[in-house]
$ cat structure-v5.txt   # compact mmCIF, C-alpha atoms
# COMPACT_ATOMS: atom_id res chain seq x y z
CA MET A 1 -9.25 -26.12 10.93
CA VAL A 2 -10.77 -24.40 7.87
CA GLU A 3 -8.26 -23.88 5.10
CA ARG A 4 -7.50 -20.35 3.98
CA ALA A 5 -7.71 -19.31 0.33
CA LEU A 6 -3.97 -19.70 -0.41
CA ASP A 7 -3.13 -22.51 1.99
CA GLY A 8 -0.41 -24.67 0.43
CA VAL A 9 1.03 -21.89 -1.74
CA LYS A 10 4.74 -21.41 -0.97
CA VAL A 11 6.20 -17.95 -1.57
CA VAL A 12 9.83 -16.85 -1.38
CA GLU A 13 10.27 -13.10 -0.96
CA TYR A 14 13.61 -11.52 -1.85
CA SER A 15 12.70 -7.85 -1.58
CA SER A 16 12.84 -4.96 0.87
CA PHE A 17 11.24 -1.67 1.88
CA VAL A 18 7.55 -1.53 0.84
CA ALA A 19 6.38 -2.71 -2.61
CA GLY A 20 7.70 -6.30 -2.61
CA PRO A 21 7.06 -6.95 1.10
CA TYR A 22 3.51 -5.56 0.80
CA CYS A 23 2.84 -7.83 -2.18
CA ALA A 24 4.05 -10.83 -0.15
CA LYS A 25 2.07 -9.74 2.91
CA LEU A 26 -1.17 -9.66 0.91
CA LEU A 27 -0.55 -13.27 -0.11
CA ALA A 28 0.44 -14.28 3.43
CA ASP A 29 -2.77 -12.82 4.85
CA LEU A 30 -4.68 -15.08 2.45
CA GLY A 31 -2.88 -18.14 3.81
CA ALA A 32 0.26 -18.48 1.66
CA GLU A 33 3.46 -19.47 3.45
CA VAL A 34 5.97 -16.67 2.86
CA ILE A 35 9.70 -17.15 3.49
CA LYS A 36 11.27 -13.70 3.62
CA ILE A 37 14.97 -13.55 2.73
CA GLU A 38 17.03 -10.69 4.17
CA ARG A 39 20.69 -9.83 3.84
CA PRO A 40 22.75 -10.99 6.84
CA GLY A 41 23.37 -8.25 9.39
CA THR A 42 21.34 -5.21 8.35
CA GLY A 43 18.30 -7.01 6.95
CA ASP A 44 15.43 -5.26 5.19
CA GLU A 45 15.79 -1.52 4.57
CA ALA A 46 12.43 -0.97 6.28
CA ARG A 47 13.96 -2.01 9.64
CA ALA A 48 15.80 1.35 9.64
CA ARG A 49 12.66 3.38 8.86
CA GLY A 50 10.28 4.83 11.41
CA PRO A 51 8.00 5.29 13.08
CA PHE A 52 9.67 3.34 15.88
CA LEU A 53 7.91 2.04 18.97
CA HIS A 54 8.60 4.45 21.87
CA ASP A 55 10.64 6.53 19.37
CA THR A 56 13.52 4.11 19.89
CA PRO A 57 15.38 3.29 16.65
CA HIS A 58 15.80 -0.48 16.58
CA PRO A 59 15.56 -3.04 13.73
CA ASP A 60 12.76 -4.91 15.50
CA LEU A 61 10.78 -1.82 16.57
CA SER A 62 10.05 -0.27 13.17
CA GLY A 63 6.29 0.06 12.75
CA LEU A 64 6.74 -0.05 8.99
CA PHE A 65 8.63 -3.35 9.09
CA LEU A 66 6.39 -4.91 11.74
CA TYR A 67 3.28 -4.24 9.67
CA LEU A 68 4.63 -5.21 6.25
CA ASN A 69 6.17 -8.48 7.41
CA SER A 70 3.64 -10.02 9.74
CA ASN A 71 2.58 -13.59 8.88
CA LYS A 72 6.03 -14.39 7.40
CA LEU A 73 8.93 -16.66 8.21
CA GLY A 74 12.33 -14.96 8.08
CA VAL A 75 15.78 -16.19 7.01
CA THR A 76 19.05 -14.53 6.05
CA LEU A 77 21.01 -15.35 2.90
CA ASN A 78 23.87 -13.69 1.06
CA LEU A 79 23.46 -14.18 -2.70
CA ASP A 80 26.89 -12.71 -3.36
CA SER A 81 28.34 -16.03 -2.17
CA ALA A 82 28.28 -19.21 -4.26
CA THR A 83 26.90 -21.17 -1.31
CA GLY A 84 24.15 -18.61 -0.80
CA ARG A 85 23.14 -18.90 -4.44
CA SER A 86 23.11 -22.68 -4.19
CA ILE A 87 20.79 -22.54 -1.19
CA PHE A 88 18.56 -20.05 -3.03
CA ARG A 89 18.21 -22.46 -5.96
CA ARG A 90 17.19 -25.24 -3.59
CA LEU A 91 14.44 -23.01 -2.22
CA MET A 92 13.15 -22.46 -5.75
CA VAL A 93 12.66 -26.18 -6.40
CA SER A 94 9.59 -26.34 -4.16
CA ALA A 95 8.45 -22.70 -4.37
CA ASP A 96 5.25 -21.64 -6.11
CA VAL A 97 6.08 -17.93 -6.22
CA LEU A 98 9.25 -15.83 -6.11
CA ILE A 99 8.90 -12.08 -5.43
CA GLU A 100 12.04 -10.02 -6.12
CA ASP A 101 12.87 -6.33 -6.55
CA CYS A 102 16.46 -6.41 -7.80
CA PRO A 103 17.61 -4.17 -10.67
CA PRO A 104 16.78 -5.74 -14.06
CA GLY A 105 19.25 -8.46 -14.97
CA LYS A 106 20.95 -8.69 -11.55
CA LEU A 107 19.57 -12.11 -10.61
CA LYS A 108 20.21 -13.41 -14.13
CA ASP A 109 23.85 -12.31 -13.87
CA LEU A 110 24.07 -14.36 -10.66
CA GLY A 111 22.73 -17.44 -12.42
CA LEU A 112 19.35 -16.94 -10.73
CA GLY A 113 17.23 -15.75 -13.64
CA TYR A 114 13.76 -16.95 -14.54
CA ASP A 115 15.00 -19.25 -17.33
CA THR A 116 17.21 -21.10 -14.83
CA PHE A 117 14.38 -21.51 -12.35
CA ALA A 118 11.86 -22.53 -15.02
CA GLU A 119 14.07 -25.50 -15.98
CA MET A 120 14.16 -26.62 -12.34
CA ASN A 121 10.54 -25.79 -11.56
CA PRO A 122 8.28 -25.10 -14.57
CA ARG A 123 5.37 -24.23 -12.25
CA LEU A 124 7.21 -21.29 -10.64
CA VAL A 125 5.60 -17.85 -10.88
CA MET A 126 8.34 -15.20 -10.66
CA MET A 127 7.37 -11.60 -9.88
CA SER A 128 9.89 -8.82 -10.61
CA ILE A 129 9.04 -5.36 -9.22
CA THR A 130 11.20 -2.44 -10.38
CA PRO A 131 10.75 1.33 -10.71
CA PHE A 132 10.34 1.31 -14.51
CA GLY A 133 10.06 -2.33 -15.56
CA GLN A 134 12.35 -4.89 -17.18
CA THR A 135 12.28 -3.28 -20.65
CA GLY A 136 12.43 0.17 -22.22
CA PRO A 137 15.01 2.99 -22.13
CA TYR A 138 14.47 3.61 -18.39
CA ARG A 139 14.84 -0.02 -17.30
CA ASN A 140 18.23 0.56 -15.64
CA TYR A 141 17.35 3.87 -14.01
CA LYS A 142 17.63 3.87 -10.25
CA SER A 143 14.82 5.56 -8.38
CA TYR A 144 13.94 6.46 -4.84
CA TYR A 145 10.33 6.53 -3.75
CA LEU A 146 10.02 10.28 -4.36
CA ASN A 147 11.35 9.96 -7.92
CA THR A 148 9.03 7.09 -8.77
CA TYR A 149 5.99 8.84 -7.35
CA HIS A 150 6.47 11.90 -9.51
CA ALA A 151 7.37 9.78 -12.54
CA GLY A 152 3.85 8.35 -12.24
CA GLY A 153 2.27 11.77 -12.68
CA ALA A 154 0.20 11.78 -9.49
CA GLY A 155 2.37 14.36 -7.74
CA TYR A 156 1.60 16.94 -10.43
CA LEU A 157 -1.97 17.15 -9.12
CA LEU A 158 -0.99 17.63 -5.47
CA PRO A 159 -1.86 19.54 -3.39
CA SER A 160 -5.29 19.33 -5.02
CA SER A 161 -7.50 22.42 -4.98
CA SER A 162 -4.46 24.53 -4.14
CA PRO A 163 -4.97 28.30 -4.42
CA ASP A 164 -1.26 28.68 -5.22
CA LEU A 165 -0.53 27.06 -8.57
CA ASP A 166 3.04 28.35 -8.53
CA ARG A 167 4.07 26.20 -5.58
CA GLU A 168 5.95 22.98 -6.29
CA PRO A 169 4.06 19.67 -6.48
CA ILE A 170 4.16 17.30 -3.50
CA LYS A 171 4.06 13.53 -3.16
CA GLY A 172 1.19 11.54 -1.72
CA PRO A 173 1.13 10.55 1.95
CA GLY A 174 3.50 7.96 3.34
CA PHE A 175 4.64 5.42 0.76
CA LEU A 176 1.40 5.36 -1.21
CA GLY A 177 3.06 4.75 -4.58
CA GLU A 178 5.03 1.80 -3.21
CA TYR A 179 1.83 0.22 -1.91
CA ASP A 180 0.26 0.70 -5.34
CA GLY A 181 3.09 -1.29 -6.91
CA GLY A 182 2.76 -4.06 -4.32
CA LEU A 183 -1.01 -4.26 -4.77
CA CYS A 184 -0.74 -4.54 -8.56
CA ALA A 185 1.93 -7.22 -8.16
CA ALA A 186 -0.27 -9.29 -5.82
CA VAL A 187 -3.21 -9.15 -8.24
CA ALA A 188 -0.93 -10.23 -11.09
CA ILE A 189 0.38 -13.19 -9.07
CA LEU A 190 -3.15 -14.37 -8.30
CA GLY A 191 -3.90 -14.23 -12.04
CA ALA A 192 -0.76 -16.23 -12.85
CA LEU A 193 -1.62 -18.85 -10.21
CA TYR A 194 -5.09 -19.20 -11.70
CA TRP A 195 -3.63 -19.66 -15.19
CA ARG A 196 -1.13 -22.18 -13.81
CA GLY A 197 -4.05 -24.18 -12.50
CA VAL A 198 -5.29 -24.47 -16.08
CA SER A 199 -2.00 -24.79 -17.97
CA GLY A 200 0.27 -26.32 -15.35
CA LEU A 201 2.93 -23.70 -16.11
CA GLY A 202 4.30 -20.72 -14.25
CA GLN A 203 5.55 -17.53 -15.84
CA HIS A 204 7.64 -14.40 -15.29
CA ILE A 205 5.71 -11.22 -14.38
CA ASP A 206 7.19 -7.75 -14.87
CA VAL A 207 5.67 -4.94 -12.75
CA SER A 208 6.66 -1.28 -13.16
CA LYS A 209 5.95 0.92 -10.14
CA GLN A 210 5.61 3.89 -12.48
CA GLU A 211 2.92 2.11 -14.48
CA ALA A 212 1.15 0.95 -11.31
CA LEU A 213 0.84 4.58 -10.24
CA MET A 214 -0.34 5.60 -13.69
CA ALA A 215 -2.91 2.79 -13.76
CA LEU A 216 -4.45 3.99 -10.51
CA GLU A 217 -4.55 7.57 -11.83
CA LYS A 218 -6.15 6.47 -15.10
CA MET A 219 -9.01 8.98 -14.83
CA GLU A 220 -6.57 11.87 -15.17
CA LEU A 221 -4.74 10.13 -18.02
CA SER A 222 -7.97 9.53 -19.92
CA ARG A 223 -9.01 13.14 -19.34
CA PHE A 224 -5.85 14.31 -21.09
CA HIS A 225 -6.56 12.05 -24.07
CA ALA A 226 -10.18 13.22 -24.23
CA GLU A 227 -9.58 16.97 -23.78
CA GLY A 228 -5.94 17.41 -24.76
CA LYS A 229 -5.33 19.42 -21.60
CA ASN A 230 -3.21 18.75 -18.54
CA PRO A 231 -5.40 18.33 -15.44
CA THR A 232 -5.07 21.16 -12.96
CA ARG A 233 -4.76 21.13 -9.21
CA GLY A 234 -6.52 24.48 -9.03
CA PRO A 235 -9.50 25.13 -6.78
CA GLY A 236 -13.15 25.18 -7.67
CA VAL A 237 -13.49 21.94 -9.61
CA ARG A 238 -16.69 20.78 -7.85
CA PRO A 239 -17.99 23.62 -5.69
CA PRO A 240 -18.98 23.95 -3.03
CA MET A 241 -16.37 21.48 -1.82
CA LYS A 242 -15.02 22.68 1.45
CA PHE A 243 -13.17 21.68 4.58
CA MET A 244 -15.04 23.52 7.34
CA ARG A 245 -13.99 23.93 10.95
CA SER A 246 -16.72 23.40 13.54
CA LYS A 247 -17.16 25.27 16.80
CA ASN A 248 -15.41 22.47 18.72
CA GLY A 249 -12.37 22.70 16.43
CA GLY A 250 -13.05 19.64 14.30
CA LEU A 251 -12.95 19.51 10.51
CA ILE A 252 -15.65 18.26 8.18
CA LEU A 253 -15.53 17.88 4.40
CA LEU A 254 -18.67 19.03 2.61
CA GLU A 255 -19.35 18.44 -1.08
CA ALA A 256 -22.61 19.56 -2.68
CA PRO A 257 -22.17 20.20 -6.40
CA ARG A 258 -25.63 19.11 -7.59
CA ASP A 259 -28.68 21.33 -7.43
CA ASN A 260 -30.68 18.99 -5.19
CA GLN A 261 -27.74 18.77 -2.77
CA TRP A 262 -27.37 22.55 -2.73
CA LYS A 263 -31.10 23.04 -2.03
CA GLY A 264 -30.90 20.60 0.88
CA LEU A 265 -27.88 22.43 2.29
CA VAL A 266 -29.63 25.81 2.01
CA GLU A 267 -32.64 24.38 3.83
CA LEU A 268 -30.40 23.06 6.60
CA MET A 269 -28.82 26.52 6.98
CA GLY A 270 -32.30 28.04 7.50
CA ASN A 271 -32.58 29.60 4.03
CA PRO A 272 -30.27 32.57 4.70
CA GLU A 273 -30.69 35.72 2.60
CA TRP A 274 -27.27 35.45 0.98
CA ALA A 275 -28.15 31.99 -0.43
CA LYS A 276 -31.06 33.52 -2.38
CA ASP A 277 -28.71 35.48 -4.61
CA GLU A 278 -29.25 34.40 -8.23
CA LYS A 279 -25.52 33.85 -8.73
CA TYR A 280 -25.82 30.72 -6.55
CA GLU A 281 -28.80 29.26 -8.43
CA THR A 282 -26.77 27.10 -10.81
CA GLU A 283 -23.77 24.82 -10.41
CA GLN A 284 -21.84 27.00 -12.85
CA GLY A 285 -22.64 30.09 -10.80
CA ARG A 286 -21.57 28.44 -7.57
CA ARG A 287 -18.32 27.42 -9.26
CA GLU A 288 -17.60 30.93 -10.48
CA HIS A 289 -18.26 32.40 -7.02
CA GLY A 290 -16.73 29.54 -5.06
CA GLU A 291 -14.46 31.59 -2.80
CA GLU A 292 -17.18 33.88 -1.43
CA LEU A 293 -19.52 30.89 -1.11
CA ARG A 294 -16.95 29.07 0.99
CA ALA A 295 -16.64 32.12 3.26
CA HIS A 296 -20.39 31.95 3.96
CA LEU A 297 -20.15 28.24 4.73
CA ASP A 298 -17.23 28.84 7.10
CA GLU A 299 -19.25 31.39 9.06
CA TRP A 300 -22.26 29.08 9.28
CA ALA A 301 -20.22 26.02 10.38
CA GLN A 302 -18.82 27.89 13.40
CA ASN A 303 -22.21 27.55 15.12
CA TYR A 304 -22.22 23.74 15.25
CA THR A 305 -20.13 20.82 16.50
CA THR A 306 -18.55 18.42 14.05
CA ASP A 307 -21.11 15.75 14.90
CA GLU A 308 -24.02 18.14 14.39
CA LEU A 309 -22.67 19.23 11.01
CA PHE A 310 -21.98 15.66 9.88
CA HIS A 311 -25.42 14.27 10.71
CA GLY A 312 -27.25 17.43 9.68
CA VAL A 313 -25.66 17.66 6.25
CA GLN A 314 -25.99 13.93 5.56
CA GLY A 315 -29.65 14.16 6.57
CA LYS A 316 -30.15 16.46 3.59
CA GLN A 317 -28.57 13.91 1.19
CA CYS A 318 -25.38 15.95 0.89
CA PRO A 319 -22.02 14.11 0.92
CA ALA A 320 -20.15 14.96 4.11
CA ALA A 321 -17.49 13.33 6.24
CA PRO A 322 -15.70 14.28 9.45
CA VAL A 323 -11.91 14.42 9.27
CA ASN A 324 -11.03 11.89 11.96
CA SER A 325 -7.82 11.78 13.92
CA VAL A 326 -6.19 8.36 14.15
CA GLY A 327 -7.52 7.97 17.68
CA GLU A 328 -11.08 8.80 16.61
CA LEU A 329 -10.86 6.46 13.66
CA LEU A 330 -9.59 3.47 15.64
CA SER A 331 -12.20 3.96 18.36
CA SER A 332 -14.98 4.09 15.78
CA PRO A 333 -17.77 1.58 16.50
CA GLN A 334 -17.68 0.55 12.84
CA ILE A 335 -13.99 -0.35 12.93
CA GLN A 336 -14.42 -2.16 16.25
CA ALA A 337 -17.48 -4.09 15.09
CA ARG A 338 -15.59 -5.46 12.08
CA GLU A 339 -12.53 -6.28 14.24
CA PHE A 340 -10.20 -4.51 11.84
CA LEU A 341 -7.43 -4.33 14.44
CA THR A 342 -5.78 -7.59 15.46
CA GLU A 343 -3.38 -7.96 18.38
CA ILE A 344 -0.32 -10.19 18.06
CA GLU A 345 2.69 -10.71 20.32
CA HIS A 346 6.19 -9.90 19.06
CA PRO A 347 9.27 -11.10 21.01
CA VAL A 348 10.84 -7.60 21.05
CA ALA A 349 8.05 -5.11 20.32
CA GLY A 350 5.55 -6.84 22.60
CA ARG A 351 1.79 -7.05 22.07
CA LEU A 352 0.61 -4.60 19.42
CA ALA A 353 -2.53 -4.06 17.37
CA TYR A 354 -2.16 -4.37 13.58
CA PRO A 355 -4.52 -3.49 10.73
CA ALA A 356 -6.16 -6.68 9.48
CA THR A 357 -7.42 -7.42 5.97
CA PRO A 358 -10.06 -5.04 4.57
CA TYR A 359 -12.07 -7.99 3.24
CA HIS A 360 -13.97 -10.88 4.83
CA PHE A 361 -14.51 -14.24 3.12
CA SER A 362 -17.60 -16.28 3.96
CA LYS A 363 -15.78 -19.63 3.56
CA THR A 364 -12.03 -19.08 3.87
CA PRO A 365 -10.73 -17.05 6.84
CA THR A 366 -7.96 -14.48 6.72
CA GLY A 367 -5.99 -12.98 9.56
CA MET A 368 -2.77 -12.53 11.48
CA GLU A 369 -1.09 -15.63 12.83
CA ARG A 370 2.50 -14.60 13.46
CA PRO A 371 4.44 -11.37 14.03
CA ALA A 372 7.16 -10.07 11.72
CA PRO A 373 10.32 -12.20 12.06
CA LEU A 374 13.54 -11.22 13.77
CA VAL A 375 16.57 -11.11 11.47
CA GLY A 376 17.28 -14.74 10.57
CA GLN A 377 14.75 -16.04 13.11
CA HIS A 378 13.80 -19.11 11.06
CA ASN A 379 17.18 -20.04 9.60
CA GLU A 380 17.29 -23.38 11.39
CA GLU A 381 13.68 -24.25 10.61
CA ILE A 382 14.06 -23.60 6.89
CA PHE A 383 17.66 -24.56 6.16
CA CYS A 384 17.95 -27.55 8.50
CA HIS A 385 14.47 -28.99 8.91
CA ARG A 386 13.36 -28.42 5.31
CA LEU A 387 16.46 -28.32 3.13
CA GLY A 388 18.39 -30.89 5.16
CA TYR A 389 21.48 -28.91 6.18
CA THR A 390 22.98 -29.80 9.58
CA ARG A 391 23.38 -27.40 12.48
CA GLU A 392 27.13 -27.69 12.05
CA GLU A 393 26.80 -26.52 8.45
CA LEU A 394 24.61 -23.68 9.61
CA VAL A 395 27.35 -22.52 11.99
CA LYS A 396 29.87 -22.61 9.14
CA PHE A 397 27.48 -20.68 6.88
CA LYS A 398 27.21 -17.98 9.53
CA GLU A 399 30.95 -17.79 10.04
CA ALA A 400 31.44 -17.44 6.27
CA GLY A 401 28.83 -14.68 5.98
CA VAL A 402 26.47 -16.86 3.92
CA ILE A 403 23.59 -16.42 6.39

$ encode --input "structure-v5.txt" --output "structure tokens"
Amino acid sequence: MVERALDGVKVVEYSSFVAGPYCAKLLADLGAEVIKIERPGTGDEARARGPFLHDTPHPDLSGLFLYLNSNKLGVTLNLDSATGRSIFRRLMVSADVLIEDCPPGKLKDLGLGYDTFAEMNPRLVMMSITPFGQTGPYRNYKSYYLNTYHAGGAGYLLPSSSPDLDREPIKGPGFLGEYDGGLCAAVAILGALYWRGVSGLGQHIDVSKQEALMALEKMELSRFHAEGKNPTRGPGVRPPMKFMRSKNGGLILLEAPRDNQWKGLVELMGNPEWAKDEKYETEQGRREHGEELRAHLDEWAQNYTTDELFHGVQGKQCPAAPVNSVGELLSSPQIQAREFLTEIEHPVAGRLAYPATPYHFSKTPTGMERPAPLVGQHNEEIFCHRLGYTREELVKFKEAGVI
């Protein structure tokens, strides 16, 4: 069997919800072995979040949890107990990476800080993901996803191109900011593993979700430094940019700011009289008269299907894209040809299709090999077969609330 890129890398994940689990999932999809630690009983917070399969709330039917935790082994461990902390330390002896999302200083107060682990295992890479980082005046601030998203500045610009600038900002779709934090954390871990290969030493990495969001919105930040003005979410930034509804009810996004794109679009529309007006001759003019221009485009689009608009506009070298429903997207021949959806069997949720990796390696394969774990599913495999505890001890651990 061909080895995957991170085969042999052992990761312990002590995190919940989205950012930490997504970071660990990215490593697992590249071949790392990830042992996910959950609290006994309730488990990861994501297990209580929808959407749920068949709209049935259940800890093993959460689509969010099933996606974020595929390719992982799962154990339960209570770090509030001395025995639980002892077991955790034993896991760190052979681990390459620890991913945790506790409040700053919490693990250190439990005797599980980076300095302790580095003495036991100098090669350990420890990743700490928090809302605002391990340092600074906000380090101890608690934050829900909505707070963190707006602390990153991205929400200020949403909804973009809004005609109503007095309405309150909104957050991005789903848990976008959490995924940003997890992605940045995974990249940082890969960098630390590379450096460890040269130096032989691990290190502690501090990721701020706020800064991850800001880093991915760097264009707007640099614009403020360059112009001294806050970016606006107002309309008319790159006209004509328009969501148009076709005659079959579909939506298509059209963007034609450049003169050559505009000329191609006018030609496609049959050179209508209104388009000959001198106020539309320049990009500046089209920007200033964007609203009436969009009204003309709306009227024209009503004569064609979404497919006709998409291929017609693209044929004139104008950027255009249909707004696909989830069903249309997943049935796309492009998505099917690249086998982006992978089916795996889960003992409770059954056989489901999951998004695979968005990258393909020519030498080292990626992919889904196991479904998300049940709560404590691999306790015996990890604690008995690897750490050497007996089944009798495992029973006592469970009775004492350790696992």

$ atom_distance --input "structure-v5.txt" --atom1 "atom CA of Glu3 of chain A" --atom2 "atom CA of Pro365 of chain A"
7.5 Å

$ atom_distance --input "structure-v5.txt" --atom1 "atom CA of Gln210 of chain A" --atom2 "atom CA of Gly152 of chain A"
4.8 Å

$ closest_residue --input "structure-v5.txt" --among "A:Ser362, A:Lys242, A:Ala295, A:Ala372" --to "Ala320 of chain A" --atoms "all atoms listed in the file"
A:Lys242

$ closest_residue --input "structure-v5.txt" --among "A:Ala215, A:Thr232, A:Ser15, A:Gly197" --to "Ser162 of chain A" --atoms "only C-alpha atoms"
A:Thr232

$ closest_residue --input "structure-v5.txt" --among "A:Ile403, A:Leu158, A:Lys396, A:His150" --to "Gly43 of chain A" --atoms "all atoms listed in the file"
A:Ile403

$ atom_distance --input "structure-v5.txt" --atom1 "atom CA of Asn69 of chain A" --atom2 "atom CA of Glu399 of chain A"
26.6 Å

$ closest_residue --input "structure-v5.txt" --among "A:Pro51, A:Pro173, A:Gly136, A:Val125" --to "Ala192 of chain A" --atoms "all atoms listed in the file"
A:Val125

$ closest_residue --input "structure-v5.txt" --among "A:Ala46, A:Met244, A:Ala321, A:Leu146" --to "Arg294 of chain A" --atoms "all atoms listed in the file"
A:Met244

$ residues_around --input "structure-v5.txt" --residues "segment 259-272 of chain A" --least-positions-apart "2" --cutoff "6 Å" --atoms "only C-alpha atoms" --output "NGL selection string"
:A and (256 or 274-275 or 316 or 318)

$ closest_residue --input "structure-v5.txt" --among "A:Thr135, A:Thr56, A:Gly172, A:His204" --to "Thr116 of chain A" --atoms "all atoms listed in the file"
A:His204

$ decode --input "structure-v5.txt" --residues "segment 49-106 of chain A" --atoms "C-alpha atoms" --output "PDB file, in the first residue's frame"
ATOM      1  CA  ARG A  49     -25.364  20.858  16.616  1.00  0.00           C
ATOM      2  CA  GLY A  50     -27.347  20.269  13.459  1.00  0.00           C
ATOM      3  CA  PRO A  51     -28.090  19.582  10.777  1.00  0.00           C
ATOM      4  CA  PHE A  52     -29.110  16.125  11.959  1.00  0.00           C
ATOM      5  CA  LEU A  53     -29.751  13.155   9.696  1.00  0.00           C
ATOM      6  CA  HIS A  54     -33.529  12.786   9.208  1.00  0.00           C
ATOM      7  CA  ASP A  55     -33.909  15.875  11.461  1.00  0.00           C
ATOM      8  CA  THR A  56     -33.456  13.591  14.466  1.00  0.00           C
ATOM      9  CA  PRO A  57     -31.288  15.153  17.207  1.00  0.00           C
ATOM     10  CA  HIS A  58     -28.782  12.489  18.233  1.00  0.00           C
ATOM     11  CA  PRO A  59     -25.060  12.691  19.157  1.00  0.00           C
ATOM     12  CA  ASP A  60     -24.129  10.316  16.334  1.00  0.00           C
ATOM     13  CA  LEU A  61     -26.362  11.900  13.675  1.00  0.00           C
ATOM     14  CA  SER A  62     -24.951  15.430  13.603  1.00  0.00           C
ATOM     15  CA  GLY A  63     -23.782  16.221  10.086  1.00  0.00           C
ATOM     16  CA  LEU A  64     -21.333  18.750  11.502  1.00  0.00           C
ATOM     17  CA  PHE A  65     -19.707  16.203  13.809  1.00  0.00           C
ATOM     18  CA  LEU A  66     -19.730  13.394  11.247  1.00  0.00           C
ATOM     19  CA  TYR A  67     -17.889  15.543   8.707  1.00  0.00           C
ATOM     20  CA  LEU A  68     -15.354  17.151  11.036  1.00  0.00           C
ATOM     21  CA  ASN A  69     -14.339  13.917  12.737  1.00  0.00           C
ATOM     22  CA  SER A  70     -14.074  11.365   9.972  1.00  0.00           C
ATOM     23  CA  ASN A  71     -10.747   9.502   9.766  1.00  0.00           C
ATOM     24  CA  LYS A  72     -10.244   9.737  13.557  1.00  0.00           C
ATOM     25  CA  LEU A  73     -10.081   7.352  16.485  1.00  0.00           C
ATOM     26  CA  GLY A  74     -12.175   8.419  19.475  1.00  0.00           C
ATOM     27  CA  VAL A  75     -11.647   8.053  23.233  1.00  0.00           C
ATOM     28  CA  THR A  76     -13.119   9.676  26.333  1.00  0.00           C
ATOM     29  CA  LEU A  77     -11.049  11.163  29.149  1.00  0.00           C
ATOM     30  CA  ASN A  78     -11.814  13.430  32.080  1.00  0.00           C
ATOM     31  CA  LEU A  79      -8.856  15.743  32.735  1.00  0.00           C
ATOM     32  CA  ASP A  80     -10.441  17.013  35.942  1.00  0.00           C
ATOM     33  CA  SER A  81      -9.387  13.723  37.551  1.00  0.00           C
ATOM     34  CA  ALA A  82      -5.806  12.931  38.545  1.00  0.00           C
ATOM     35  CA  THR A  83      -6.004   9.571  36.784  1.00  0.00           C
ATOM     36  CA  GLY A  84      -7.286  11.218  33.620  1.00  0.00           C
ATOM     37  CA  ARG A  85      -4.370  13.642  33.646  1.00  0.00           C
ATOM     38  CA  SER A  86      -1.933  10.786  34.173  1.00  0.00           C
ATOM     39  CA  ILE A  87      -3.334   8.940  31.162  1.00  0.00           C
ATOM     40  CA  PHE A  88      -3.154  12.153  29.106  1.00  0.00           C
ATOM     41  CA  ARG A  89       0.549  12.524  29.923  1.00  0.00           C
ATOM     42  CA  ARG A  90       1.186   8.961  28.789  1.00  0.00           C
ATOM     43  CA  LEU A  91      -0.440   9.768  25.459  1.00  0.00           C
ATOM     44  CA  MET A  92       1.914  12.729  25.056  1.00  0.00           C
ATOM     45  CA  VAL A  93       5.042  10.573  25.359  1.00  0.00           C
ATOM     46  CA  SER A  94       4.579   9.107  21.878  1.00  0.00           C
ATOM     47  CA  ALA A  95       2.552  11.917  20.261  1.00  0.00           C
ATOM     48  CA  ASP A  96       3.942  14.111  17.492  1.00  0.00           C
ATOM     49  CA  VAL A  97       1.221  16.763  17.708  1.00  0.00           C
ATOM     50  CA  LEU A  98      -1.235  17.963  20.357  1.00  0.00           C
ATOM     51  CA  ILE A  99      -4.152  20.169  19.246  1.00  0.00           C
ATOM     52  CA  GLU A 100      -6.039  21.893  22.073  1.00  0.00           C
ATOM     53  CA  ASP A 101      -8.528  24.750  22.377  1.00  0.00           C
ATOM     54  CA  CYS A 102      -8.708  25.325  26.141  1.00  0.00           C
ATOM     55  CA  PRO A 103      -8.687  28.846  27.607  1.00  0.00           C
ATOM     56  CA  PRO A 104      -5.109  30.170  27.958  1.00  0.00           C
ATOM     57  CA  GLY A 105      -3.368  28.698  30.978  1.00  0.00           C
ATOM     58  CA  LYS A 106      -5.990  26.025  31.750  1.00  0.00           C
TER      59      LYS A 106
END
